[in-house]
>>> print(open('my_file19.cif').read())   # mmCIF, C-alpha atoms
data_start
#
loop_
_atom_site.label_atom_id
_atom_site.label_comp_id
_atom_site.auth_asym_id
_atom_site.auth_seq_id
_atom_site.Cartn_x
_atom_site.Cartn_y
_atom_site.Cartn_z
CA MET A 1 0.00 0.00 0.00
CA THR A 2 1.26 3.47 -0.89
CA ASP A 3 0.39 6.76 0.81
CA GLU A 4 -0.07 10.16 -0.81
CA LYS A 5 -0.90 13.61 0.53
CA VAL A 6 -2.65 16.40 -1.44
CA ASP A 7 -4.65 19.54 -0.86
CA VAL A 8 -7.68 18.32 -2.77
CA LEU A 9 -8.77 14.87 -3.89
CA ILE A 10 -11.29 14.84 -6.74
CA ILE A 11 -13.32 11.69 -7.33
CA GLY A 12 -14.27 11.39 -11.00
CA ALA A 13 -12.70 12.70 -14.22
CA GLY A 14 -15.86 13.73 -16.06
CA PRO A 15 -16.62 17.38 -16.92
CA SER A 16 -17.34 18.23 -13.29
CA GLY A 17 -14.11 16.76 -11.95
CA CYS A 18 -12.06 18.24 -14.79
CA VAL A 19 -13.41 21.76 -14.32
CA ALA A 20 -12.79 21.62 -10.57
CA ALA A 21 -9.29 20.17 -11.00
CA ALA A 22 -8.28 22.62 -13.73
CA TYR A 23 -9.37 25.65 -11.70
CA LEU A 24 -7.68 24.43 -8.50
CA ASN A 25 -4.48 23.60 -10.35
CA ARG A 26 -4.42 27.02 -12.00
CA ASN A 27 -4.71 28.57 -8.56
CA GLY A 28 -1.79 26.75 -7.00
CA CYS A 29 -3.54 23.88 -5.25
CA ASP A 30 -2.04 20.38 -5.14
CA VAL A 31 -4.75 18.26 -6.78
CA LYS A 32 -5.20 14.56 -7.48
CA VAL A 33 -8.02 13.05 -9.57
CA VAL A 34 -9.04 9.40 -9.24
CA GLU A 35 -11.37 7.82 -11.78
CA LYS A 36 -12.89 4.33 -11.56
CA ASN A 37 -13.07 3.78 -15.32
CA LYS A 38 -10.59 3.75 -18.15
CA PHE A 39 -11.17 6.50 -20.73
CA PRO A 40 -12.67 6.66 -23.26
CA ARG A 41 -15.89 5.26 -21.82
CA PHE A 42 -19.54 5.74 -22.71
CA VAL A 43 -21.70 7.99 -20.56
CA ILE A 44 -24.97 9.78 -21.21
CA GLY A 45 -25.43 13.57 -21.05
CA GLU A 46 -24.49 14.53 -24.60
CA SER A 47 -26.27 17.84 -25.04
CA LEU A 48 -24.67 20.86 -23.36
CA LEU A 49 -26.12 24.27 -22.51
CA PRO A 50 -24.54 27.66 -23.32
CA ARG A 51 -24.01 28.43 -19.62
CA CYS A 52 -21.36 25.72 -19.29
CA MET A 53 -19.18 27.48 -21.89
CA ASP A 54 -18.47 30.11 -19.23
CA HIS A 55 -17.18 27.36 -16.95
CA PHE A 56 -14.91 25.75 -19.53
CA GLU A 57 -13.50 29.15 -20.40
CA GLU A 58 -12.78 30.16 -16.81
CA ALA A 59 -11.17 26.79 -16.06
CA GLY A 60 -8.89 27.07 -19.11
CA LEU A 61 -10.50 24.15 -20.94
CA LEU A 62 -12.29 25.89 -23.80
CA SER A 63 -9.48 25.94 -26.38
CA CYS A 64 -8.89 22.18 -26.35
CA LEU A 65 -12.63 21.59 -26.85
CA LYS A 66 -12.97 24.10 -29.70
CA ALA A 67 -10.25 22.23 -31.59
CA GLU A 68 -12.36 19.06 -31.75
CA GLY A 69 -15.04 20.29 -34.17
CA TYR A 70 -18.06 19.11 -32.20
CA GLU A 71 -21.58 19.69 -33.54
CA VAL A 72 -22.57 23.26 -32.72
CA LYS A 73 -25.83 23.59 -30.79
CA GLU A 74 -27.49 26.97 -31.37
CA GLY A 75 -30.87 26.04 -29.91
CA ALA A 76 -33.33 23.18 -29.59
CA ARG A 77 -36.44 21.98 -31.39
CA PHE A 78 -39.55 20.49 -29.79
CA LEU A 79 -42.19 18.71 -31.89
CA LYS A 80 -45.70 17.72 -30.90
CA GLY A 81 -47.94 16.47 -33.67
CA ASP A 82 -47.89 19.16 -36.37
CA VAL A 83 -46.68 21.93 -34.06
CA VAL A 84 -42.99 22.89 -33.98
CA CYS A 85 -41.40 24.97 -31.22
CA ASN A 86 -37.89 26.23 -32.03
CA PHE A 87 -35.69 27.89 -29.44
CA ASP A 88 -32.80 30.02 -30.70
CA PHE A 89 -30.17 30.76 -28.03
CA SER A 90 -29.38 34.10 -29.68
CA LYS A 91 -32.93 35.20 -28.86
CA LYS A 92 -32.96 34.94 -25.09
CA HIS A 93 -33.57 37.29 -22.17
CA THR A 94 -30.19 36.87 -20.44
CA LYS A 95 -26.90 37.97 -21.97
CA GLY A 96 -24.46 35.12 -22.40
CA TRP A 97 -23.25 32.46 -24.78
CA ASP A 98 -25.50 31.89 -27.80
CA TRP A 99 -24.21 28.41 -28.60
CA THR A 100 -22.66 25.28 -27.20
CA TRP A 101 -22.09 21.70 -28.44
CA GLN A 102 -23.67 18.28 -28.90
CA VAL A 103 -20.94 15.82 -27.97
CA PRO A 104 -20.17 12.10 -27.85
CA ARG A 105 -19.19 12.03 -24.21
CA ALA A 106 -16.65 9.23 -24.48
CA ASP A 107 -14.52 11.45 -26.72
CA PHE A 108 -15.43 14.74 -25.02
CA ASP A 109 -14.52 13.57 -21.52
CA LYS A 110 -11.22 12.09 -22.69
CA VAL A 111 -10.25 15.39 -24.32
CA LEU A 112 -10.86 17.16 -21.01
CA ALA A 113 -8.95 14.57 -18.99
CA ASP A 114 -6.02 14.60 -21.43
CA GLU A 115 -5.89 18.39 -21.15
CA LEU A 116 -5.73 18.10 -17.34
CA VAL A 117 -2.69 15.86 -17.66
CA LYS A 118 -1.07 18.35 -20.06
CA GLN A 119 -1.66 21.06 -17.47
CA GLY A 120 0.20 19.00 -14.86
CA VAL A 121 -2.68 17.48 -12.90
CA ASP A 122 -2.20 13.98 -11.49
CA VAL A 123 -5.03 11.89 -12.97
CA CYS A 124 -5.23 8.17 -12.10
CA PHE A 125 -7.63 5.93 -14.00
CA GLU A 126 -9.06 2.57 -12.96
CA GLN A 127 -8.89 3.56 -9.30
CA GLU A 128 -12.02 2.74 -7.32
CA VAL A 129 -12.71 4.54 -4.04
CA VAL A 130 -13.54 1.84 -1.48
CA ASP A 131 -13.37 3.76 1.80
CA VAL A 132 -13.22 7.32 3.12
CA VAL A 133 -12.53 8.31 6.72
CA PHE A 134 -12.93 11.92 7.83
CA ASN A 135 -11.15 13.48 10.79
CA GLU A 136 -12.72 16.06 13.10
CA ASP A 137 -11.00 18.92 11.27
CA GLY A 138 -12.42 17.79 7.90
CA SER A 139 -9.21 16.25 6.61
CA SER A 140 -9.62 12.76 5.22
CA LYS A 141 -7.99 9.50 4.29
CA THR A 142 -9.35 7.82 1.17
CA THR A 143 -8.54 4.25 0.20
CA THR A 144 -8.57 3.33 -3.48
CA LYS A 145 -8.26 -0.03 -5.18
CA SER A 146 -6.63 -0.40 -8.57
CA LYS A 147 -7.70 -2.78 -11.32
CA ASP A 148 -4.94 -5.21 -10.31
CA GLY A 149 -6.07 -5.20 -6.68
CA LYS A 150 -3.48 -2.86 -5.18
CA PHE A 151 -4.60 -0.43 -2.48
CA ASN A 152 -3.56 3.18 -2.12
CA THR A 153 -4.36 5.79 0.52
CA ILE A 154 -4.69 9.50 -0.17
CA LYS A 155 -4.77 12.09 2.59
CA ALA A 156 -6.50 15.32 1.62
CA LYS A 157 -7.67 18.57 3.16
CA TYR A 158 -10.79 18.51 0.96
CA ILE A 159 -12.62 16.01 -1.21
CA VAL A 160 -14.69 17.00 -4.25
CA ASP A 161 -17.05 14.18 -5.20
CA SER A 162 -17.55 14.49 -8.96
CA SER A 163 -18.21 10.78 -9.41
CA GLY A 164 -21.47 11.36 -11.29
CA TYR A 165 -23.72 8.32 -11.45
CA GLY A 166 -21.19 6.48 -9.23
CA ARG A 167 -22.32 8.76 -6.35
CA VAL A 168 -19.41 7.65 -4.17
CA LEU A 169 -19.83 9.82 -1.05
CA PRO A 170 -23.65 9.71 -1.07
CA ARG A 171 -23.35 5.92 -0.86
CA LEU A 172 -20.51 5.76 1.66
CA LEU A 173 -21.92 8.51 3.92
CA ASN A 174 -25.60 7.56 3.62
CA LEU A 175 -26.58 10.86 1.98
CA GLU A 176 -29.04 9.45 -0.57
CA LYS A 177 -32.68 10.53 -0.46
CA PRO A 178 -35.59 9.87 -2.85
CA SER A 179 -36.17 12.38 -5.64
CA GLU A 180 -39.41 14.35 -5.55
CA LEU A 181 -39.78 14.14 -9.34
CA VAL A 182 -42.10 11.72 -11.14
CA LYS A 183 -40.66 8.27 -11.82
CA GLN A 184 -39.37 8.28 -15.38
CA SER A 185 -37.19 5.78 -17.20
CA ALA A 186 -35.24 5.75 -20.46
CA ILE A 187 -33.85 3.47 -23.17
CA PHE A 188 -31.14 4.89 -25.44
CA ALA A 189 -28.40 4.04 -27.92
CA HIS A 190 -26.20 5.44 -30.69
CA ILE A 191 -26.80 4.84 -34.39
CA LYS A 192 -24.93 5.53 -37.61
CA ASP A 193 -27.37 8.12 -38.99
CA LEU A 194 -27.27 7.14 -42.67
CA LYS A 195 -30.48 9.00 -43.59
CA ARG A 196 -29.60 12.25 -41.82
CA PRO A 197 -30.80 15.31 -43.78
CA GLU A 198 -28.32 17.99 -44.77
CA GLY A 199 -27.98 21.32 -42.95
CA TRP A 200 -30.04 22.61 -40.07
CA GLU A 201 -32.67 19.86 -40.23
CA GLY A 202 -30.08 17.18 -39.71
CA SER A 203 -27.97 18.90 -37.07
CA ARG A 204 -30.51 20.40 -34.65
CA ILE A 205 -31.19 18.56 -31.39
CA THR A 206 -34.86 17.57 -31.46
CA PHE A 207 -37.37 16.34 -28.91
CA ASP A 208 -40.37 14.54 -30.42
CA VAL A 209 -43.14 14.71 -27.82
CA LEU A 210 -45.67 11.87 -28.02
CA ASP A 211 -47.67 12.77 -24.91
CA THR A 212 -47.23 14.52 -21.57
CA ARG A 213 -44.88 11.87 -20.17
CA THR A 214 -43.35 10.32 -23.31
CA TRP A 215 -40.78 11.79 -25.69
CA LEU A 216 -37.88 10.88 -27.97
CA TRP A 217 -34.54 12.67 -28.04
CA VAL A 218 -32.46 12.93 -31.23
CA ILE A 219 -28.95 14.37 -30.78
CA PRO A 220 -26.78 14.45 -33.93
CA PHE A 221 -22.98 14.50 -33.55
CA SER A 222 -20.50 15.87 -36.08
CA ASN A 223 -19.02 12.38 -36.67
CA GLY A 224 -22.20 11.07 -38.34
CA VAL A 225 -23.41 9.26 -35.23
CA THR A 226 -26.71 10.23 -33.60
CA SER A 227 -27.83 9.59 -30.04
CA ILE A 228 -31.46 8.50 -29.75
CA GLY A 229 -33.45 7.70 -26.64
CA TYR A 230 -36.99 7.30 -25.43
CA VAL A 231 -38.12 8.67 -22.08
CA GLY A 232 -41.43 7.77 -20.49
CA SER A 233 -43.09 6.79 -17.26
CA THR A 234 -41.48 3.72 -15.77
CA ASP A 235 -44.74 1.82 -16.17
CA PHE A 236 -44.92 2.72 -19.88
CA ILE A 237 -41.30 1.83 -20.63
CA GLU A 238 -41.77 -1.55 -18.94
CA THR A 239 -44.69 -2.44 -21.24
CA PHE A 240 -42.14 -3.08 -24.02
CA LYS A 241 -40.71 -6.60 -23.79
CA GLY A 242 -37.65 -8.41 -25.10
CA THR A 243 -34.05 -7.25 -25.33
CA THR A 244 -33.33 -3.55 -25.12
CA SER A 245 -32.67 -3.61 -28.89
CA GLU A 246 -36.08 -5.12 -29.51
CA ARG A 247 -37.74 -2.68 -27.15
CA LEU A 248 -36.13 0.44 -28.62
CA THR A 249 -36.80 -0.76 -32.18
CA GLU A 250 -40.51 -1.04 -31.37
CA MET A 251 -40.55 2.33 -29.64
CA LEU A 252 -39.01 4.09 -32.64
CA LYS A 253 -42.11 3.15 -34.62
CA LEU A 254 -44.11 5.49 -32.34
CA SER A 255 -42.49 8.61 -33.83
CA ASN A 256 -44.31 9.75 -36.95
CA TYR A 257 -41.56 12.30 -37.59
CA PHE A 258 -38.53 10.00 -37.25
CA LYS A 259 -39.74 6.44 -37.86
CA GLU A 260 -38.73 6.41 -41.55
CA ARG A 261 -35.34 8.00 -40.89
CA PHE A 262 -34.54 5.42 -38.21
CA LYS A 263 -36.25 2.41 -39.81
CA GLY A 264 -33.94 -0.59 -39.89
CA VAL A 265 -31.00 1.21 -38.25
CA ASP A 266 -28.35 -0.80 -36.45
CA PHE A 267 -27.52 0.21 -32.92
CA LEU A 268 -23.80 0.78 -32.36
CA PHE A 269 -24.14 -0.86 -28.95
CA GLU A 270 -26.88 -2.75 -27.14
CA PRO A 271 -29.31 -0.02 -26.01
CA ILE A 272 -29.10 0.88 -22.33
CA ALA A 273 -32.14 1.05 -20.06
CA ILE A 274 -32.22 3.15 -16.88
CA SER A 275 -35.19 3.02 -14.52
CA ASN A 276 -36.24 5.82 -12.13
CA TYR A 277 -33.17 7.89 -12.99
CA SER A 278 -33.82 11.04 -10.89
CA LYS A 279 -31.56 11.26 -7.81
CA SER A 280 -31.24 13.52 -4.79
CA VAL A 281 -29.22 13.90 -1.57
CA LYS A 282 -29.75 15.06 2.00
CA GLN A 283 -26.99 17.69 1.79
CA LEU A 284 -24.55 19.08 -0.77
CA TYR A 285 -21.50 19.45 1.48
CA GLY A 286 -20.04 18.47 4.83
CA LYS A 287 -16.89 19.15 6.81
CA GLY A 288 -14.08 18.46 4.38
CA TYR A 289 -16.15 17.49 1.35
CA VAL A 290 -18.47 18.86 -1.32
CA LEU A 291 -20.73 17.09 -3.83
CA THR A 292 -20.91 18.32 -7.42
CA GLY A 293 -22.97 17.44 -10.48
CA ASN A 294 -24.79 14.12 -10.60
CA SER A 295 -23.14 13.06 -7.37
CA ALA A 296 -25.57 15.49 -5.76
CA GLU A 297 -28.68 15.86 -7.93
CA PHE A 298 -29.84 14.44 -11.24
CA LEU A 299 -33.15 15.83 -12.44
CA ASP A 300 -34.18 14.73 -15.92
CA PRO A 301 -32.68 14.71 -19.43
CA VAL A 302 -35.52 16.71 -21.03
CA PHE A 303 -33.71 20.10 -20.81
CA SER A 304 -30.11 18.80 -20.87
CA SER A 305 -29.27 20.42 -17.54
CA GLY A 306 -26.95 17.68 -16.24
CA VAL A 307 -23.53 18.77 -17.52
CA THR A 308 -24.25 22.44 -16.83
CA PHE A 309 -25.08 21.78 -13.18
CA ALA A 310 -22.00 19.56 -13.01
CA THR A 311 -19.67 22.30 -14.24
CA GLU A 312 -21.44 25.13 -12.38
CA SER A 313 -21.15 23.31 -9.06
CA ALA A 314 -17.59 22.16 -9.83
CA LEU A 315 -16.32 25.64 -10.59
CA LEU A 316 -18.01 27.15 -7.54
CA SER A 317 -16.73 24.41 -5.23
CA ALA A 318 -13.19 24.91 -6.56
CA LYS A 319 -13.38 28.65 -5.96
CA LEU A 320 -14.61 28.18 -2.40
CA ILE A 321 -11.98 25.53 -1.61
CA THR A 322 -9.28 27.86 -2.98
CA LYS A 323 -10.66 30.59 -0.72
CA ALA A 324 -10.66 28.25 2.30
CA LEU A 325 -7.11 27.03 1.63
CA GLN A 326 -6.04 30.68 1.62
CA LYS A 327 -7.46 30.91 5.17
CA HIS A 328 -10.50 32.98 4.23
CA ALA A 329 -13.85 32.23 5.80
CA VAL A 330 -16.35 30.32 3.65
CA ASP A 331 -20.05 30.02 4.43
CA TRP A 332 -20.74 26.76 2.61
CA GLU A 333 -24.44 26.88 3.34
CA VAL A 334 -24.97 30.31 1.78
CA GLU A 335 -22.17 30.48 -0.80
CA TYR A 336 -22.53 26.92 -2.09
CA SER A 337 -25.62 25.03 -1.00
CA ASP A 338 -28.13 27.89 -1.24
CA TYR A 339 -26.75 29.02 -4.58
CA ILE A 340 -26.74 25.58 -6.22
CA LYS A 341 -30.17 24.69 -4.81
CA LYS A 342 -31.57 27.92 -6.25
CA GLY A 343 -30.63 26.86 -9.78
CA VAL A 344 -31.66 23.25 -9.20
CA ASN A 345 -35.07 24.40 -7.94
CA VAL A 346 -35.68 26.47 -11.07
CA PHE A 347 -34.91 23.56 -13.36
CA ALA A 348 -36.84 21.15 -11.12
CA THR A 349 -39.91 23.35 -11.54
CA TYR A 350 -39.51 23.22 -15.33
CA VAL A 351 -39.18 19.42 -15.22
CA LYS A 352 -42.23 19.05 -12.96
CA GLU A 353 -44.32 21.41 -15.09
CA TRP A 354 -43.20 19.65 -18.27
CA TYR A 355 -44.67 16.41 -16.97
CA THR A 356 -47.86 18.05 -15.66
CA GLY A 357 -48.31 19.36 -19.20
CA ASN A 358 -48.34 23.02 -18.17
CA LEU A 359 -44.98 23.86 -19.72
CA GLN A 360 -45.87 21.97 -22.89
CA LYS A 361 -48.90 24.27 -23.22
CA LEU A 362 -46.52 27.26 -23.26
CA PHE A 363 -44.24 25.61 -25.83
CA PHE A 364 -46.94 24.58 -28.28
CA HIS A 365 -49.57 27.31 -27.89
CA ARG A 366 -50.11 29.38 -31.03
CA PRO A 367 -49.61 32.20 -31.65
CA GLU A 368 -46.36 32.33 -29.68
CA ASN A 369 -45.62 35.13 -27.22
CA PRO A 370 -42.11 36.37 -28.24
CA GLU A 371 -41.26 37.90 -24.83
CA ILE A 372 -42.27 34.80 -22.87
CA LYS A 373 -40.32 32.67 -25.33
CA LYS A 374 -37.16 34.77 -24.84
CA GLN A 375 -37.46 34.37 -21.07
CA ILE A 376 -37.98 30.61 -21.24
CA CYS A 377 -35.12 30.34 -23.75
CA SER A 378 -32.75 31.80 -21.14
CA VAL A 379 -33.71 29.04 -18.75
CA LEU A 380 -33.15 26.42 -21.46
CA ALA A 381 -29.72 27.97 -22.07
CA GLY A 382 -28.84 27.34 -18.41
CA TYR A 383 -29.08 30.91 -17.09
CA VAL A 384 -31.22 29.88 -14.12
CA TRP A 385 -29.71 32.29 -11.59
CA ASP A 386 -30.80 35.47 -13.40
CA ASP A 387 -33.51 37.05 -11.25
CA THR A 388 -34.15 39.76 -13.85
CA ASN A 389 -35.92 36.99 -15.76
CA PRO A 390 -39.52 36.63 -14.53
CA PHE A 391 -39.49 32.97 -15.54
CA VAL A 392 -36.58 32.47 -13.14
CA LYS A 393 -37.62 34.72 -10.28
CA ASN A 394 -41.24 33.54 -10.28
CA HIS A 395 -40.70 30.04 -11.61
CA HIS A 396 -42.91 28.37 -8.98
CA ARG A 397 -46.08 30.14 -10.09
CA LEU A 398 -45.56 31.77 -13.51
CA ILE A 399 -45.68 28.60 -15.64
CA LYS A 400 -48.91 27.53 -13.93
CA THR A 401 -50.38 31.01 -14.33
CA VAL A 402 -49.66 31.30 -18.06
CA ALA A 403 -50.86 27.72 -18.65
CA HIS A 404 -54.13 28.62 -16.90
CA VAL A 405 -54.54 31.68 -19.13
CA ILE A 406 -54.01 29.47 -22.20
CA ASP A 407 -56.66 27.07 -20.90
CA MET A 408 -59.09 29.96 -20.48
CA GLU A 409 -58.38 31.21 -24.00
CA ASN A 410 -58.93 27.74 -25.42
CA LYS A 411 -62.15 27.37 -23.47
CA LYS A 412 -63.49 30.63 -24.92
CA LYS A 413 -62.57 29.43 -28.41
CA GLY A 414 -64.27 26.10 -27.78
CA ILE A 415 -60.91 24.24 -27.99
CA ILE A 416 -60.59 21.38 -25.54
CA LYS A 417 -57.04 20.30 -24.72
#
>>> encode(input="my_file19.cif", output="structure tokens")
Amino acid sequence: MTDEKVDVLIIGAGPSGCVAAAYLNRNGCDVKVVEKNKFPRFVIGESLLPRCMDHFEEAGLLSCLKAEGYEVKEGARFLKGDVVCNFDFSKKHTKGWDWTWQVPRADFDKVLADELVKQGVDVCFEQEVVDVVFNEDGSSKTTTKSKDGKFNTIKAKYIVDSSGYGRVLPRLLNLEKPSELVKQSAIFAHIKDLKRPEGWEGSRITFDVLDTRTWLWVIPFSNGVTSIGYVGSTDFIETFKGTTSERLTEMLKLSNYFKERFKGVDFLFEPIAISNYSKSVKQLYGKGYVLTGNSAEFLDPVFSSGVTFATESALLSAKLITKALQKHAVDWEVEYSDYIKKGVNVFATYVKEWYTGNLQKLFFHRPENPEIKKQICSVLAGYVWDDTNPFVKNHHRLIKTVAHVIDMENKKKGIIK
């Protein structure tokens, strides 16, 4: 067994861990990253939001990503029957980035991790965290196990858990709690998109909405591969029987818009099914540790918020740890937990109101209200901390209110929806 000593141990080398490690390293902290898997590896979360571009830029990771030529994402398209709702990130309430990327995460995450190594960060792959012991002062001793069975201990002043779906500290410290969101499940895969249309039609991320709870995502990548996945209530997803390939093949027939384009496609890997994917925790930090990204909360894939919350929380945690290591006082409850929860709560409202159908009424009502659309577009771009936006500041009631007005208008017109 070998022993190491660092300022900060980061668990996980995904976007969250890389942003935290890059910022800490740039600010003179001794950082070590441990990652259970060998990269490249498949992971979901392939559609980014403009807000996360700020994080990559501040952490010094933007240039290496720009060089890769990923599919540019300038907005998102939602379909329901014959109605199309297009969001253009250049037409939003909040100032900020007007574009981001759609990325195959296996490649994207490896580019980030490789850049960390180039910047001098110690990144160790195939190292599983098996035990963590915290001292009264918040310092810790973490035990890792390598692929060949060797154990290593790492002493750190702080731990950043960026382990994503691995949720290392929530499991080890009993921090898990049930999500308050509806129980949704998903089946997804990659395909070689041989019938992809040219131009905007073929490159735009699209959500084909079948009903209030059921929808299909289509995320084209610049390498000719497209990510496709169905989301629905757990009960609905489980009505499809057979292998995941057989189940997803049958489900693709439900989409009037895409069924011909995806008819007879071969999946590049056996489709993956995830049941009841929403996750939550009792707290976002403790003495000597902080949870970031999916280690803390995972809401729902419908608005692609996962990576943005991962990088937002990672960058903030790194800034606060840097501040603490410089002997400045940090109020973790106010400066970290309250701030992150504020953004999570906004997006959680949008997820909840999507599945009640209220938000879908706003998306697909015609004629569109341009001002409301600009305000909602800012939320979909990840700018969920901007209180100048009424659809952020009053998120708990405004979606319901506007949906009720739409219902009243439809009732007057004799339209029943």
>>> resolve_selection(input="my_file19.cif", expression="the PyMOL selection byres ((chain A and resi 50) around 10)", output="MDAnalysis selection string")
chainID A and resid 48:49 51:55 73:75 89 96:101 308 378 380:383
>>> residues_around(input="my_file19.cif", residues="A:Val225", least_positions_apart="5", cutoff="12 Å", atoms="only C-alpha atoms", output="ChimeraX atom specification")
/A:46,70-71,102-104,189-196,202-203,218-220,265-269
>>> resolve_selection(input="my_file19.cif", expression="the PyMOL selection byres ((chain A and resi 29) around 9)", output="PyMOL selection string")
chain A and resi 6-8+21+23-28+30-31+322+325
>>> write_last_selection(input="my_file19.cif", atoms="C-alpha atoms", output="compact mmCIF listing (two decimals), keeping the file's coordinate frame")
# COMPACT_ATOMS: atom_id res chain seq x y z
CA VAL A 6 -2.65 16.40 -1.44
CA ASP A 7 -4.65 19.54 -0.86
CA VAL A 8 -7.68 18.32 -2.77
CA ALA A 21 -9.29 20.17 -11.00
CA TYR A 23 -9.37 25.65 -11.70
CA LEU A 24 -7.68 24.43 -8.50
CA ASN A 25 -4.48 23.60 -10.35
CA ARG A 26 -4.42 27.02 -12.00
CA ASN A 27 -4.71 28.57 -8.56
CA GLY A 28 -1.79 26.75 -7.00
CA ASP A 30 -2.04 20.38 -5.14
CA VAL A 31 -4.75 18.26 -6.78
CA THR A 322 -9.28 27.86 -2.98
CA LEU A 325 -7.11 27.03 1.63
>>> closest_atom_pairs(input="my_file19.cif", of="stretch 16-89 of chain A", to="stretch 121-143 of chain A", cutoff="6 Å", atoms="only C-alpha atoms", output="Markdown table")
| residue | atom | partner | partner_atom | distance |
| --- | --- | --- | --- | --- |
| A:Lys32 | CA | A:Asp122 | CA | 5.0 |
| A:Val33 | CA | A:Val123 | CA | 4.7 |
| A:Val34 | CA | A:Cys124 | CA | 4.9 |
| A:Glu35 | CA | A:Phe125 | CA | 4.7 |
| A:Lys36 | CA | A:Glu126 | CA | 4.4 |
| A:Asn37 | CA | A:Glu126 | CA | 4.8 |
| A:Lys38 | CA | A:Glu126 | CA | 5.5 |
>>> closest_atom_pairs(input="my_file19.cif", of="stretch 48-167 of chain A", to="stretch 347-361 of chain A", cutoff="12 Å", atoms="all atoms listed in the file", output="Markdown table")
| residue | atom | partner | partner_atom | distance |
| --- | --- | --- | --- | --- |
| A:Phe78 | CA | A:Gln360 | CA | 9.5 |
| A:Leu79 | CA | A:Gln360 | CA | 10.3 |
| A:Lys80 | CA | A:Gln360 | CA | 9.1 |
| A:Val83 | CA | A:Gln360 | CA | 11.2 |
| A:Val84 | CA | A:Gln360 | CA | 11.5 |
| A:Cys85 | CA | A:Gln360 | CA | 9.9 |
>>> resolve_selection(input="my_file19.cif", expression="the PyMOL selection byres ((chain A and resi 44) around 10)", output="PDB file with C-alpha atoms, keeping the file's coordinate frame")
ATOM      1  CA  PHE A  42     -19.540   5.740 -22.710  1.00  0.00           C
ATOM      2  CA  VAL A  43     -21.700   7.990 -20.560  1.00  0.00           C
ATOM      3  CA  GLY A  45     -25.430  13.570 -21.050  1.00  0.00           C
ATOM      4  CA  GLU A  46     -24.490  14.530 -24.600  1.00  0.00           C
ATOM      5  CA  SER A  47     -26.270  17.840 -25.040  1.00  0.00           C
ATOM      6  CA  VAL A 103     -20.940  15.820 -27.970  1.00  0.00           C
ATOM      7  CA  PRO A 104     -20.170  12.100 -27.850  1.00  0.00           C
ATOM      8  CA  ARG A 105     -19.190  12.030 -24.210  1.00  0.00           C
ATOM      9  CA  ALA A 106     -16.650   9.230 -24.480  1.00  0.00           C
ATOM     10  CA  TYR A 165     -23.720   8.320 -11.450  1.00  0.00           C
ATOM     11  CA  PHE A 188     -31.140   4.890 -25.440  1.00  0.00           C
ATOM     12  CA  ALA A 189     -28.400   4.040 -27.920  1.00  0.00           C
ATOM     13  CA  SER A 227     -27.830   9.590 -30.040  1.00  0.00           C
ATOM     14  CA  ILE A 272     -29.100   0.880 -22.330  1.00  0.00           C
ATOM     15  CA  PRO A 301     -32.680  14.710 -19.430  1.00  0.00           C
ATOM     16  CA  GLY A 306     -26.950  17.680 -16.240  1.00  0.00           C
ATOM     17  CA  VAL A 307     -23.530  18.770 -17.520  1.00  0.00           C
TER      18      VAL A 307
END
>>> closest_atom_pairs(input="my_file19.cif", of="stretch 162-208 of chain A", to="stretch 284-294 of chain A", cutoff="9 Å", atoms="all atoms listed in the file", output="Markdown table")
| residue | atom | partner | partner_atom | distance |
| --- | --- | --- | --- | --- |
| A:Ser162 | CA | A:Thr292 | CA | 5.3 |
| A:Ser163 | CA | A:Asn294 | CA | 7.5 |
| A:Gly164 | CA | A:Asn294 | CA | 4.4 |
| A:Tyr165 | CA | A:Asn294 | CA | 6.0 |
| A:Gly166 | CA | A:Asn294 | CA | 8.6 |
| A:Arg167 | CA | A:Asn294 | CA | 7.3 |
| A:Leu169 | CA | A:Leu291 | CA | 7.8 |
| A:Pro170 | CA | A:Leu291 | CA | 8.4 |
| A:Leu175 | CA | A:Leu284 | CA | 8.9 |
>>> residues_around(input="my_file19.cif", residues="A:Pro370", least_positions_apart="2", cutoff="12 Å", atoms="only C-alpha atoms", output="list in words")
Cys85, Asn86, Phe87, Asp88, Lys91, Lys92, His93, Leu362, Phe363, His365, Arg366, Pro367, Glu368, Ile372, Lys373, Lys374, Gln375, Ile376 and Cys377 of chain A
>>> atom_distance(input="my_file19.cif", atom1="atom CA of A:Tyr257", atom2="atom CA of A:Asp211")
14.1 Å
>>> atom_distance(input="my_file19.cif", atom1="atom CA of A:Phe151", atom2="atom CA of A:Gly17")
21.8 Å
>>> closest_residue(input="my_file19.cif", among="A:Gly199, A:Asn394, A:Asn256, A:Cys64", to="A:Leu116", atoms="only C-alpha atoms")
A:Cys64
>>> atom_distance(input="my_file19.cif", atom1="atom CA of A:Asn223", atom2="atom CA of A:Leu299")
28.3 Å
>>> axis_aligned_box(input="my_file19.cif", around="stretch 285-297 of chain A", padding_each_side="4 Å", output="AutoDock Vina command-line options")
--center_x -21.4 --center_y 16.3 --center_z -1.9 --size_x 22.6 --size_y 14.4 --size_z 25.4
>>> residues_around(input="my_file19.cif", residues="A:Thr214", least_positions_apart="2", cutoff="12 Å", atoms="all atoms listed in the file", output="PyMOL selection string")
chain A and resi 80+183-187+207-212+216-217+229-237+251+254-255+302+354-357+360
>>> closest_residue(input="my_file19.cif", among="A:Arg77, A:Lys95, A:Lys279, A:Lys400", to="A:Asp386", atoms="all atoms listed in the file")
A:Lys95
